[in-house]
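This is input.pdb. It holds PDB, C-alpha atoms.
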MODEL        1
ATOM      1  CA  MET U   1     -11.370  -1.850 -15.456
ATOM      2  CA  GLN U   2      -9.616  -1.006 -18.662
ATOM      3  CA  ASN U   3      -5.979  -1.983 -18.624
ATOM      4  CA  SER U   4      -4.777   1.532 -19.435
ATOM      5  CA  ARG U   5      -6.816   3.084 -16.597
ATOM      6  CA  TRP U   6      -5.522   0.577 -14.091
ATOM      7  CA  ILE U   7      -1.929   1.170 -15.219
ATOM      8  CA  ALA U   8      -2.328   4.958 -14.980
ATOM      9  CA  ARG U   9      -3.939   4.858 -11.529
ATOM     10  CA  ARG U  10      -1.468   2.461 -10.000
ATOM     11  CA  ALA U  11       1.444   4.383 -11.520
ATOM     12  CA  GLU U  12       0.215   7.638  -9.961
ATOM     13  CA  SER U  13      -0.237   6.098  -6.528
ATOM     14  CA  LEU U  14       3.159   4.374  -6.597
ATOM     15  CA  ALA U  15       4.793   7.633  -7.755
ATOM     16  CA  TYR U  16       3.045   9.612  -5.009
ATOM     17  CA  VAL U  17       4.200   7.182  -2.322
ATOM     18  CA  PHE U  18       7.761   7.036  -3.681
ATOM     19  CA  MET U  19       8.207  10.822  -3.911
ATOM     20  CA  THR U  20       6.827  11.537  -0.458
ATOM     21  CA  ARG U  21       9.324   9.193   1.191
ATOM     22  CA  ASP U  22      11.632  12.202   0.913
ATOM     23  CA  PRO U  23      10.449  14.476   3.751
ATOM     24  CA  ARG U  24      11.366  17.588   1.723
ATOM     25  CA  VAL U  25       8.773  16.714  -0.917
ATOM     26  CA  ALA U  26       5.122  17.689  -0.535
ATOM     27  CA  VAL U  27       2.554  17.114  -3.256
ATOM     28  CA  VAL U  28       0.855  20.472  -3.791
ATOM     29  CA  SER U  29      -1.668  19.408  -6.404
ATOM     30  CA  GLU U  30      -2.794  16.483  -8.497
ATOM     31  CA  ASP U  31      -4.048  17.299 -11.970
ATOM     32  CA  ASP U  32      -6.247  15.289 -14.278
ATOM     33  CA  THR U  33      -6.554  17.839 -17.086
ATOM     34  CA  ASP U  34      -4.996  17.281 -20.499
ATOM     35  CA  PHE U  35      -2.712  20.290 -20.300
ATOM     36  CA  GLY U  36      -1.107  20.066 -16.878
ATOM     37  CA  LEU U  37       1.410  17.630 -15.520
ATOM     38  CA  ASN U  38       0.185  14.965 -13.075
ATOM     39  CA  PHE U  39       1.690  16.482  -9.955
ATOM     40  CA  MET U  40       3.092  19.763  -8.754
ATOM     41  CA  ILE U  41       5.445  19.130  -5.866
ATOM     42  CA  ARG U  42       7.069  21.546  -3.428
ATOM     43  CA  VAL U  43      10.712  20.860  -2.621
ATOM     44  CA  GLY U  44      11.124  23.819  -0.284
ATOM     45  CA  THR U  45      10.824  23.317   3.431
ATOM     46  CA  THR U  46      10.703  26.830   4.903
ATOM     47  CA  PRO U  47       8.214  29.653   4.355
ATOM     48  CA  ARG U  48      10.743  31.481   2.124
ATOM     49  CA  GLN U  49      11.005  28.347  -0.029
ATOM     50  CA  PHE U  50       7.249  28.161  -0.458
ATOM     51  CA  ASN U  51       7.422  28.600  -4.248
ATOM     52  CA  TRP U  52      10.117  25.997  -4.909
ATOM     53  CA  ILE U  53       7.788  24.055  -7.163
ATOM     54  CA  THR U  54       8.499  21.273  -9.653
ATOM     55  CA  GLY U  55       6.241  19.580 -12.203
ATOM     56  CA  VAL U  56       6.035  15.805 -12.363
ATOM     57  CA  GLU U  57       4.581  13.817 -15.227
ATOM     58  CA  VAL U  58       3.838  10.158 -14.490
ATOM     59  CA  ARG U  59       3.544   7.487 -17.160
ATOM     60  CA  GLY U  60       2.561   3.933 -16.295
ATOM     61  CA  ILE U  61       3.935   0.955 -18.149
ATOM     62  CA  ASP U  62       3.380  -2.743 -17.506
ATOM     63  CA  HIS U  63       6.823  -3.884 -18.583
ATOM     64  CA  PRO U  64      10.379  -2.601 -18.102
ATOM     65  CA  PRO U  65      10.966   0.334 -20.485
ATOM     66  CA  ARG U  66      13.693   0.942 -23.032
ATOM     67  CA  ARG U  67      16.350   3.468 -22.111
ATOM     68  CA  GLU U  68      15.024   5.992 -24.614
ATOM     69  CA  PHE U  69      11.481   6.951 -23.733
ATOM     70  CA  LEU U  70       9.304   8.759 -26.233
ATOM     71  CA  LEU U  71       7.229  11.171 -24.182
ATOM     72  CA  GLU U  72       4.099  12.072 -26.076
ATOM     73  CA  LEU U  73       2.638  15.410 -25.046
ATOM     74  CA  THR U  74      -0.674  16.998 -25.869
ATOM     75  CA  GLU U  75      -0.389  20.313 -27.715
ATOM     76  CA  ASP U  76      -1.434  22.103 -24.523
ATOM     77  CA  GLN U  77       1.130  20.259 -22.400
ATOM     78  CA  ALA U  78       3.867  21.343 -24.846
ATOM     79  CA  VAL U  79       2.651  24.958 -24.530
ATOM     80  CA  VAL U  80       2.694  24.714 -20.725
ATOM     81  CA  LEU U  81       6.233  23.304 -20.735
ATOM     82  CA  ASN U  82       7.517  25.851 -23.257
ATOM     83  CA  HIS U  83       6.258  28.713 -21.089
ATOM     84  CA  SER U  84       7.341  27.256 -17.765
ATOM     85  CA  GLN U  85      10.416  28.332 -15.825
ATOM     86  CA  GLN U  86      10.192  25.503 -13.323
ATOM     87  CA  PRO U  87      12.138  22.264 -13.440
ATOM     88  CA  SER U  88      10.061  19.224 -14.291
ATOM     89  CA  PHE U  89      10.680  15.522 -14.597
ATOM     90  CA  LEU U  90       9.118  12.318 -15.796
ATOM     91  CA  LEU U  91       8.554   9.241 -13.667
ATOM     92  CA  ALA U  92       7.916   6.126 -15.743
ATOM     93  CA  VAL U  93       6.464   3.495 -13.440
ATOM     94  CA  ASP U  94       6.547  -0.225 -14.183
ATOM     95  CA  VAL U  95       3.315  -1.099 -12.356
ATOM     96  CA  ARG U  96       3.980  -4.848 -12.311
ATOM     97  CA  GLY U  97       7.604  -4.736 -11.179
ATOM     98  CA  GLU U  98       7.012  -1.639  -8.987
ATOM     99  CA  ILE U  99      10.179  -0.098 -10.438
ATOM    100  CA  LEU U 100      10.446   3.618 -11.161
ATOM    101  CA  TYR U 101      12.495   5.307 -13.889
ATOM    102  CA  PHE U 102      13.463   8.970 -13.996
ATOM    103  CA  ALA U 103      14.143  11.491 -16.748
ATOM    104  CA  TRP U 104      14.399  15.257 -16.708
ATOM    105  CA  ILE U 105      11.818  17.008 -18.822
ATOM    106  CA  ARG U 106      13.132  20.449 -17.906
ATOM    107  CA  SER U 107      16.428  20.028 -16.132
ATOM    108  CA  PRO U 108      17.443  22.621 -13.531
ATOM    109  CA  VAL U 109      20.965  22.735 -14.986
ATOM    110  CA  ALA U 110      20.942  21.880 -18.709
ATOM    111  CA  GLU U 111      19.941  24.153 -21.583
ATOM    112  CA  THR U 112      16.195  24.145 -22.062
ATOM    113  CA  LYS U 113      14.841  22.430 -25.133
ATOM    114  CA  HIS U 114      11.808  23.343 -27.162
ATOM    115  CA  PHE U 115       9.002  20.884 -26.538
ATOM    116  CA  ARG U 116       7.043  19.325 -29.372
ATOM    117  CA  ALA U 117       4.352  16.665 -29.479
ATOM    118  CA  THR U 118       6.939  13.964 -28.876
ATOM    119  CA  THR U 119      10.150  14.357 -26.970
ATOM    120  CA  SER U 120      12.773  11.675 -26.541
ATOM    121  CA  LEU U 121      14.008  11.306 -22.970
ATOM    122  CA  HIS U 122      16.775   9.220 -21.448
ATOM    123  CA  LEU U 123      15.456   7.087 -18.570
ATOM    124  CA  GLU U 124      17.460   5.932 -15.566
ATOM    125  CA  PRO U 125      16.284   3.432 -12.930
ATOM    126  CA  LEU U 126      15.425   5.321  -9.772
ATOM    127  CA  ASP U 127      16.119   4.543  -6.138
ATOM    128  CA  ASP U 128      15.777   6.629  -2.972
ATOM    129  CA  ALA U 129      19.385   7.889  -3.107
ATOM    130  CA  LEU U 130      19.185   9.000  -6.733
ATOM    131  CA  PHE U 131      15.844  10.700  -6.162
ATOM    132  CA  LYS U 132      17.308  12.557  -3.182
ATOM    133  CA  ALA U 133      20.198  13.710  -5.397
ATOM    134  CA  HIS U 134      17.761  15.042  -8.012
ATOM    135  CA  ILE U 135      15.776  16.896  -5.343
ATOM    136  CA  ASP U 136      19.112  18.370  -4.156
ATOM    137  CA  GLU U 137      19.709  19.610  -7.736
ATOM    138  CA  ILE U 138      16.314  21.298  -7.847
ATOM    139  CA  ARG U 139      16.867  22.904  -4.471
ATOM    140  CA  ALA U 140      20.301  24.146  -5.611
ATOM    141  CA  PHE U 141      18.655  25.654  -8.720
ATOM    142  CA  TYR U 142      16.189  27.622  -6.595
ATOM    143  CA  ARG U 143      18.811  28.567  -4.031
ATOM    144  CA  LYS U 144      20.884  30.180  -6.799
ATOM    145  CA  ARG U 145      17.903  32.119  -8.119
ATOM    146  CA  LEU U 146      16.580  33.343  -4.813
ATOM    147  CA  PRO U 147      18.394  35.081  -1.989
ATOM    148  CA  SER U 148      18.699  32.814   1.009
ATOM    149  CA  ASP U 149      17.599  33.810   4.500
ATOM    150  CA  ARG U 150      21.226  34.319   5.515
ATOM    151  CA  ASN U 151      22.011  36.599   2.515
ATOM    152  CA  MET U 152      18.978  38.741   3.336
ATOM    153  CA  ILE U 153      20.130  39.255   6.905
ATOM    154  CA  VAL U 154      23.719  40.066   5.818
ATOM    155  CA  SER U 155      22.592  42.587   3.184
ATOM    156  CA  LYS U 156      20.306  44.276   5.718
ATOM    157  CA  ALA U 157      23.117  44.544   8.237
ATOM    158  CA  SER U 158      25.549  45.951   5.692
TER     159      SER U 158
ATOM    160  CA  MET C   1       7.634  17.996   8.291
ATOM    161  CA  PRO C   2       4.540  16.799   6.400
ATOM    162  CA  THR C   3       1.166  18.059   7.560
ATOM    163  CA  LYS C   4      -1.525  15.735   8.907
ATOM    164  CA  LYS C   5      -3.384  16.058   5.604
ATOM    165  CA  GLN C   6      -0.277  15.209   3.553
ATOM    166  CA  THR C   7       0.363  12.152   5.725
ATOM    167  CA  GLY C   8      -3.267  11.132   5.291
ATOM    168  CA  ASN C   9      -3.050  11.508   1.499
ATOM    169  CA  ARG C  10       0.142   9.479   1.468
ATOM    170  CA  CYS C  11      -1.505   6.660   3.432
ATOM    171  CA  GLU C  12      -4.474   6.650   1.060
ATOM    172  CA  HIS C  13      -2.151   6.349  -1.961
ATOM    173  CA  LEU C  14      -0.277   3.519  -0.218
ATOM    174  CA  VAL C  15      -3.543   1.628   0.215
ATOM    175  CA  VAL C  16      -4.720   2.372  -3.338
ATOM    176  CA  SER C  17      -1.444   1.165  -4.826
ATOM    177  CA  ARG C  18      -1.791  -2.060  -2.809
ATOM    178  CA  LEU C  19      -5.448  -2.627  -3.739
ATOM    179  CA  LEU C  20      -4.504  -2.180  -7.413
ATOM    180  CA  LYS C  21      -1.633  -4.644  -7.184
ATOM    181  CA  PRO C  22      -2.095  -7.459  -9.697
ATOM    182  CA  GLY C  23      -1.830 -11.135  -8.821
ATOM    183  CA  PRO C  24       1.542 -12.863  -8.839
ATOM    184  CA  GLY C  25       1.202 -14.335 -12.366
ATOM    185  CA  PRO C  26       2.753 -12.482 -15.315
ATOM    186  CA  ASP C  27      -0.564 -11.520 -16.940
ATOM    187  CA  GLU C  28      -2.793 -11.355 -13.864
ATOM    188  CA  GLN C  29      -5.029  -8.359 -13.379
ATOM    189  CA  PRO C  30      -5.890  -6.547 -10.130
ATOM    190  CA  LEU C  31      -8.840  -7.727  -8.025
ATOM    191  CA  PHE C  32     -10.208  -4.226  -7.468
ATOM    192  CA  ASN C  33     -10.832  -0.839  -8.993
ATOM    193  CA  THR C  34     -10.559   2.149  -6.662
ATOM    194  CA  ALA C  35     -11.624   5.764  -6.379
ATOM    195  CA  LEU C  36     -10.334   8.169  -3.750
ATOM    196  CA  LEU C  37     -13.255  10.013  -2.174
ATOM    197  CA  GLY C  38     -11.329  13.086  -0.967
ATOM    198  CA  SER C  39     -11.771  15.193   2.124
ATOM    199  CA  ASP C  40     -15.488  15.879   1.547
ATOM    200  CA  TRP C  41     -16.181  12.395   2.916
ATOM    201  CA  PRO C  42     -14.697  12.376   6.413
ATOM    202  CA  THR C  43     -15.517   8.776   7.310
ATOM    203  CA  LEU C  44     -14.888   7.107   3.968
ATOM    204  CA  ASP C  45     -11.606   7.397   2.134
ATOM    205  CA  ILE C  46     -11.779   4.891  -0.729
ATOM    206  CA  TYR C  47     -14.594   3.422  -2.786
ATOM    207  CA  VAL C  48     -13.588  -0.007  -4.075
ATOM    208  CA  GLU C  49     -15.288  -2.050  -6.797
ATOM    209  CA  LEU C  50     -14.611  -5.695  -7.463
ATOM    210  CA  GLU C  51     -13.108  -6.465 -10.833
ATOM    211  CA  GLY C  52     -14.677  -9.176 -12.953
ATOM    212  CA  ALA C  53     -17.780  -9.789 -15.031
ATOM    213  CA  PHE C  54     -20.940  -9.522 -12.937
ATOM    214  CA  PRO C  55     -24.483  -9.978 -14.238
ATOM    215  CA  ARG C  56     -25.949  -7.084 -12.207
ATOM    216  CA  LEU C  57     -24.151  -4.379 -10.252
ATOM    217  CA  LYS C  58     -20.439  -4.412  -9.581
ATOM    218  CA  PRO C  59     -20.009  -5.417  -5.937
ATOM    219  CA  PHE C  60     -18.327  -2.700  -3.901
ATOM    220  CA  PHE C  61     -17.116  -1.758  -0.450
ATOM    221  CA  PHE C  62     -15.673   1.219   1.409
ATOM    222  CA  VAL C  63     -12.369   1.694   3.170
ATOM    223  CA  GLN C  64     -11.402   4.043   5.955
ATOM    224  CA  VAL C  65      -7.625   4.561   6.163
ATOM    225  CA  LYS C  66      -5.792   5.374   9.381
ATOM    226  CA  GLY C  67      -2.067   6.009   9.469
ATOM    227  CA  THR C  68       0.253   6.000  12.436
ATOM    228  CA  VAL C  69       3.859   6.942  13.118
ATOM    229  CA  ARG C  70       3.711   5.225  16.510
ATOM    230  CA  GLY C  71       4.158   1.718  15.100
ATOM    231  CA  ARG C  72       3.091  -1.328  17.090
ATOM    232  CA  ASP C  73       2.373  -1.969  20.728
ATOM    233  CA  PRO C  74       5.432  -3.920  22.000
ATOM    234  CA  ALA C  75       3.283  -6.230  24.158
ATOM    235  CA  THR C  76       0.424  -7.089  21.788
ATOM    236  CA  HIS C  77       2.057  -6.222  18.415
ATOM    237  CA  ASP C  78      -1.163  -4.413  17.537
ATOM    238  CA  LEU C  79      -0.850  -1.395  15.257
ATOM    239  CA  ARG C  80      -1.469   1.807  17.194
ATOM    240  CA  VAL C  81      -4.317   3.261  15.164
ATOM    241  CA  GLN C  82      -7.598   4.448  16.573
ATOM    242  CA  LEU C  83     -11.093   4.841  15.233
ATOM    243  CA  SER C  84     -13.420   7.097  17.212
ATOM    244  CA  LYS C  85     -16.916   6.147  18.362
ATOM    245  CA  LYS C  86     -18.394   8.595  15.846
ATOM    246  CA  HIS C  87     -16.557   7.143  12.846
ATOM    247  CA  THR C  88     -17.138   3.550  13.965
ATOM    248  CA  LYS C  89     -20.866   4.240  14.199
ATOM    249  CA  ARG C  90     -20.918   5.921  10.803
ATOM    250  CA  LEU C  91     -19.144   2.967   9.194
ATOM    251  CA  LEU C  92     -21.570   0.535  10.846
ATOM    252  CA  ASN C  93     -24.527   2.514   9.487
ATOM    253  CA  ILE C  94     -23.399   2.211   5.872
ATOM    254  CA  PRO C  95     -25.389  -0.544   4.115
ATOM    255  CA  ALA C  96     -22.353  -2.059   2.405
ATOM    256  CA  PRO C  97     -19.196  -3.848   3.546
ATOM    257  CA  THR C  98     -16.802  -1.457   5.275
ATOM    258  CA  TYR C  99     -13.197  -1.974   6.330
ATOM    259  CA  LEU C 100     -10.540  -0.187   8.317
ATOM    260  CA  VAL C 101      -6.987  -0.248   6.965
ATOM    261  CA  GLY C 102      -4.211   0.740   9.355
ATOM    262  CA  VAL C 103      -0.942   1.964   7.869
ATOM    263  CA  ASP C 104       2.401   2.115   9.613
ATOM    264  CA  THR C 105       3.742   5.191   7.840
ATOM    265  CA  LEU C 106       7.367   4.370   8.633
ATOM    266  CA  THR C 107       7.492   0.739   7.501
ATOM    267  CA  GLU C 108       4.595   1.092   5.011
ATOM    268  CA  GLU C 109       3.009  -2.088   6.416
ATOM    269  CA  MET C 110      -0.784  -2.241   6.099
ATOM    270  CA  PHE C 111      -3.367  -4.275   8.000
ATOM    271  CA  ILE C 112      -7.084  -4.607   7.515
ATOM    272  CA  ARG C 113     -10.160  -5.498   9.547
ATOM    273  CA  SER C 114     -13.849  -5.525   8.791
ATOM    274  CA  ILE C 115     -16.189  -3.068  10.511
ATOM    275  CA  HIS C 116     -19.446  -5.000  10.639
ATOM    276  CA  ASP C 117     -20.060  -6.074  14.239
ATOM    277  CA  ARG C 118     -22.876  -3.937  15.685
ATOM    278  CA  ALA C 119     -21.455  -4.435  19.187
ATOM    279  CA  LEU C 120     -18.288  -2.572  18.177
ATOM    280  CA  LYS C 121     -18.052   0.866  19.848
ATOM    281  CA  SER C 122     -14.637   2.180  18.836
ATOM    282  CA  ILE C 123     -11.187   0.860  17.996
ATOM    283  CA  SER C 124      -8.166   1.609  20.144
ATOM    284  CA  SER C 125      -5.651  -0.522  18.211
ATOM    285  CA  LEU C 126      -5.627  -2.776  15.174
ATOM    286  CA  ARG C 127      -4.732  -6.467  15.302
ATOM    287  CA  THR C 128      -2.122  -7.415  12.715
ATOM    288  CA  THR C 129      -3.773 -10.741  11.871
ATOM    289  CA  TYR C 130      -4.610  -9.665   8.329
ATOM    290  CA  PRO C 131      -1.867  -7.882   6.424
ATOM    291  CA  LEU C 132      -3.187  -6.229   3.273
ATOM    292  CA  ASP C 133      -1.543  -8.727   0.932
ATOM    293  CA  TYR C 134      -2.841 -10.642  -2.068
ATOM    294  CA  ALA C 135      -4.121 -13.581   0.031
ATOM    295  CA  THR C 136      -6.166 -11.244   2.261
ATOM    296  CA  MET C 137      -7.426  -9.292  -0.744
ATOM    297  CA  LYS C 138      -8.702 -12.555  -2.263
ATOM    298  CA  LEU C 139     -10.605 -13.281   0.975
ATOM    299  CA  ILE C 140     -12.175  -9.822   0.837
ATOM    300  CA  HIS C 141     -13.060 -10.189  -2.839
ATOM    301  CA  TYR C 142     -14.841 -13.427  -2.036
ATOM    302  CA  GLU C 143     -16.785 -12.128   0.973
ATOM    303  CA  VAL C 144     -17.867  -8.886  -0.697
ATOM    304  CA  LEU C 145     -19.105 -10.816  -3.716
ATOM    305  CA  GLU C 146     -20.999 -13.178  -1.415
ATOM    306  CA  PHE C 147     -22.547 -10.237   0.464
ATOM    307  CA  TRP C 148     -23.914  -8.593  -2.682
ATOM    308  CA  GLN C 149     -25.128 -11.875  -4.152
ATOM    309  CA  ALA C 150     -27.169 -12.462  -0.995
ATOM    310  CA  SER C 151     -28.450  -8.871  -0.671
ATOM    311  CA  GLN C 152     -31.431  -7.239  -2.183
ATOM    312  CA  HIS C 153     -30.058  -4.274  -4.119
ATOM    313  CA  LYS C 154     -33.297  -2.306  -4.426
ATOM    314  CA  PRO C 155     -36.241  -1.632  -2.122
ATOM    315  CA  ALA C 156     -39.380  -3.636  -2.876
ATOM    316  CA  ALA C 157     -41.517  -0.461  -2.973
ATOM    317  CA  SER C 158     -41.207   3.327  -2.941
ATOM    318  CA  ASN C 159     -43.255   6.347  -1.780
ATOM    319  CA  VAL C 160     -42.607   8.101  -5.060
ATOM    320  CA  GLN C 161     -43.197   5.320  -7.507
ATOM    321  CA  VAL C 162     -45.395   6.097 -10.531
TER     322      VAL C 162
ENDMDL
END
Could you render the structure as structure tokens?
Amino acid sequence: MQNSRWIARRAESLAYVFMTRDPRVAVVSEDDTDFGLNFMIRVGTTPRQFNWITGVEVRGIDHPPRREFLLELTEDQAVVLNHSQQPSFLLAVDVRGEILYFAWIRSPVAETKHFRATTSLHLEPLDDALFKAHIDEIRAFYRKRLPSDRNMIVSKAS
Amino acid sequence: MPTKKQTGNRCEHLVVSRLLKPGPGPDEQPLFNTALLGSDWPTLDIYVELEGAFPRLKPFFFVQVKGTVRGRDPATHDLRVQLSKKHTKRLLNIPAPTYLVGVDTLTEEMFIRSIHDRALKSISSLRTTYPLDYATMKLIHYEVLEFWQASQHKPAASNVQV
């Protein structure tokens, strides 16, 4: 097997397993096209949160990365990201050390940047607690945008 | 709460990530190459090829993955996974090495056994003798290679030969 194929496959499987340790995360789709991100995940847990979707791009590496990660995007991926409203993040996976690193591509809180062919991202080593905190941020983003179940009931009553 | 399908997919990715794990040395490569077969193949979950240079075909085998949240039997320490009569028979009928991997979804421990004994009817639990670690994977690599080296890969004749 070519080294790059092995690295990509193992990175995707390790990322899948890591993300789904959080019971609020469900992988909705896996994509192998050149324009989509690797995974679309759902971070909502009730029927009303069905469309709480986040994009995940996975990059495999076979050595620990530098803090600044140059994310190279295809032209189509940049178009997808520039027209997307959803949060998205990068998981860089060291396939030998089995260590994951996280960076926001489209943060749920910060000002959105314009995506080009290469985008510099700041990586942070990831553990279960930090990942949970990032999922909390995404859920807070959607909660602000969408009326919650409780708000709907209150507004109906009033 | 993840669905049964999501749990199944997770278990398959756990097994794939393990099968693609390289050896302990700094530049060692993995022993296998894998392909997930998807839900269209109910009995087989993963197609696995041996890595290395082979003069003829790349030796391969199939894996059926079974996950459990019920952990181990306290008395026997066996993993509580089951394989029905139907699936056991189907695996036995495949003319290639076939294995069952049991996954404890809570601890992420994985154990493997071969499905080759024609007397086998079904499996009610999985012995934990062989964890799916690098030492076991080397044993499997060796036996699958031996199987294909001893087998005839093509029929001697055909009804539609020209």
task = Name the residues captured by the PyMOL selection byres ((chain C) within 7 of (chain U)) when it is applied to the shown file; answer as a ChimeraX atom specification.
result = /C:1-2,10,13-14,16-17,20,33,51
query = Expanded to explicit residues, what is the PyMOL selection byres ((chain U and resi 53) around 7) for this file, as an NGL selection string?
reply = :U and (40-43 or 51-52 or 54-55 or 86)
message = Could you list, as a PyMOL selection string, every residue within 9 Å of His116 in chain C, counting all atoms listed in the file and ignoring same-chain residues fewer than 4 positions away?
response = chain C and resi 91-92+97-99+120
Write out the residues from the selection above, keeping C-alpha atoms, as an mmCIF file, in the coordinates of the input.
data_model
loop_
_atom_site.group_PDB
_atom_site.id
_atom_site.type_symbol
_atom_site.label_atom_id
_atom_site.label_comp_id
_atom_site.auth_asym_id
_atom_site.auth_seq_id
_atom_site.Cartn_x
_atom_site.Cartn_y
_atom_site.Cartn_z
ATOM 1 C CA LEU C 91 -19.144 2.967 9.194
ATOM 2 C CA LEU C 92 -21.570 0.535 10.846
ATOM 3 C CA PRO C 97 -19.196 -3.848 3.546
ATOM 4 C CA THR C 98 -16.802 -1.457 5.275
ATOM 5 C CA TYR C 99 -13.197 -1.974 6.330
ATOM 6 C CA LEU C 120 -18.288 -2.572 18.177
#
Near Thr34 in chain C, within 8 Å and counting only C-alpha atoms, which residues show up once chain neighbours fewer than 3 positions away are dropped, as a compact mmCIF listing (two decimals) with C-alpha atoms, in the frame of the given file?
# COMPACT_ATOMS: atom_id res chain seq x y z
CA VAL C 16 -4.72 2.37 -3.34
CA LEU C 19 -5.45 -2.63 -3.74
CA LEU C 20 -4.50 -2.18 -7.41
CA ILE C 46 -11.78 4.89 -0.73
CA TYR C 47 -14.59 3.42 -2.79
CA VAL C 48 -13.59 -0.01 -4.08
CA GLU C 49 -15.29 -2.05 -6.80
task = Determine the residue membership of the PyMOL selection byres ((chain U and resi 93) around 7) for the file above and supply it as a list in words.
result = Ala11, Arg59, Gly60, Ile61, Leu91, Ala92, Asp94, Val95, Glu98, Ile99, Leu100 and Tyr101 of chain U
query = In Å, with one decimal, what is the gap from CA of Lys21 in chain C to CA of Gly8 in chain C?
reply =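 Straight-line distance from CA of Lys21 in chain C to CA of Gly8 in chain C works out to 20.2 Å.
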Just want the 12 Å neighbourhood of range 123-138 of chain C, counted on all atoms listed in the file, with same-chain residues fewer than 6 positions away dropped. Output as an mmCIF file with C-alpha atoms, in the frame of the given file.
data_model
loop_
_atom_site.group_PDB
_atom_site.id
_atom_site.type_symbol
_atom_site.label_atom_id
_atom_site.label_comp_id
_atom_site.auth_asym_id
_atom_site.auth_seq_id
_atom_site.Cartn_x
_atom_site.Cartn_y
_atom_site.Cartn_z
ATOM 1 C CA LEU C 14 -0.277 3.519 -0.218
ATOM 2 C CA VAL C 15 -3.543 1.628 0.215
ATOM 3 C CA VAL C 16 -4.720 2.372 -3.338
ATOM 4 C CA SER C 17 -1.444 1.165 -4.826
ATOM 5 C CA ARG C 18 -1.791 -2.060 -2.809
ATOM 6 C CA LEU C 19 -5.448 -2.627 -3.739
ATOM 7 C CA LEU C 20 -4.504 -2.180 -7.413
ATOM 8 C CA LYS C 21 -1.633 -4.644 -7.184
ATOM 9 C CA PRO C 22 -2.095 -7.459 -9.697
ATOM 10 C CA GLY C 23 -1.830 -11.135 -8.821
ATOM 11 C CA PRO C 24 1.542 -12.863 -8.839
ATOM 12 C CA GLY C 25 1.202 -14.335 -12.366
ATOM 13 C CA GLU C 28 -2.793 -11.355 -13.864
ATOM 14 C CA GLN C 29 -5.029 -8.359 -13.379
ATOM 15 C CA PRO C 30 -5.890 -6.547 -10.130
ATOM 16 C CA LEU C 31 -8.840 -7.727 -8.025
ATOM 17 C CA PHE C 32 -10.208 -4.226 -7.468
ATOM 18 C CA VAL C 48 -13.588 -0.007 -4.075
ATOM 19 C CA LEU C 50 -14.611 -5.695 -7.463
ATOM 20 C CA GLU C 51 -13.108 -6.465 -10.833
ATOM 21 C CA VAL C 65 -7.625 4.561 6.163
ATOM 22 C CA LYS C 66 -5.792 5.374 9.381
ATOM 23 C CA GLY C 67 -2.067 6.009 9.469
ATOM 24 C CA THR C 68 0.253 6.000 12.436
ATOM 25 C CA ARG C 70 3.711 5.225 16.510
ATOM 26 C CA GLY C 71 4.158 1.718 15.100
ATOM 27 C CA ARG C 72 3.091 -1.328 17.090
ATOM 28 C CA ASP C 73 2.373 -1.969 20.728
ATOM 29 C CA ALA C 75 3.283 -6.230 24.158
ATOM 30 C CA THR C 76 0.424 -7.089 21.788
ATOM 31 C CA HIS C 77 2.057 -6.222 18.415
ATOM 32 C CA ASP C 78 -1.163 -4.413 17.537
ATOM 33 C CA LEU C 79 -0.850 -1.395 15.257
ATOM 34 C CA ARG C 80 -1.469 1.807 17.194
ATOM 35 C CA VAL C 81 -4.317 3.261 15.164
ATOM 36 C CA GLN C 82 -7.598 4.448 16.573
ATOM 37 C CA LEU C 83 -11.093 4.841 15.233
ATOM 38 C CA SER C 84 -13.420 7.097 17.212
ATOM 39 C CA LYS C 85 -16.916 6.147 18.362
ATOM 40 C CA LYS C 86 -18.394 8.595 15.846
ATOM 41 C CA HIS C 87 -16.557 7.143 12.846
ATOM 42 C CA THR C 88 -17.138 3.550 13.965
ATOM 43 C CA LYS C 89 -20.866 4.240 14.199
ATOM 44 C CA TYR C 99 -13.197 -1.974 6.330
ATOM 45 C CA LEU C 100 -10.540 -0.187 8.317
ATOM 46 C CA VAL C 101 -6.987 -0.248 6.965
ATOM 47 C CA GLY C 102 -4.211 0.740 9.355
ATOM 48 C CA VAL C 103 -0.942 1.964 7.869
ATOM 49 C CA ASP C 104 2.401 2.115 9.613
ATOM 50 C CA GLU C 108 4.595 1.092 5.011
ATOM 51 C CA GLU C 109 3.009 -2.088 6.416
ATOM 52 C CA MET C 110 -0.784 -2.241 6.099
ATOM 53 C CA PHE C 111 -3.367 -4.275 8.000
ATOM 54 C CA ILE C 112 -7.084 -4.607 7.515
ATOM 55 C CA ARG C 113 -10.160 -5.498 9.547
ATOM 56 C CA SER C 114 -13.849 -5.525 8.791
ATOM 57 C CA ILE C 115 -16.189 -3.068 10.511
ATOM 58 C CA ASP C 117 -20.060 -6.074 14.239
ATOM 59 C CA VAL C 144 -17.867 -8.886 -0.697
ATOM 60 C CA LEU C 145 -19.105 -10.816 -3.716
#
task = Could you give me, as a list of chain:residue names, the residues that sit within 10 Å of (12.3, 11.8, -27.9) in the file's coordinates, counting only C-alpha atoms?
result =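 In the file's frame, the residues around the point are U:Glu68, U:Phe69, U:Leu70, U:Leu71, U:Glu72, U:Phe115, U:Arg116, U:Ala117, U:Thr118, U:Thr119, U:Ser120, U:Leu121, U:His122.
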message = One number please: CA of Ala96 in chain C to CA of Val63 in chain C, in Å, one decimal.
response = 10.7 Å
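What separates CA of Gln149 in chain C from CA of Pro59 in chain C is a distance of 8.4 Å.
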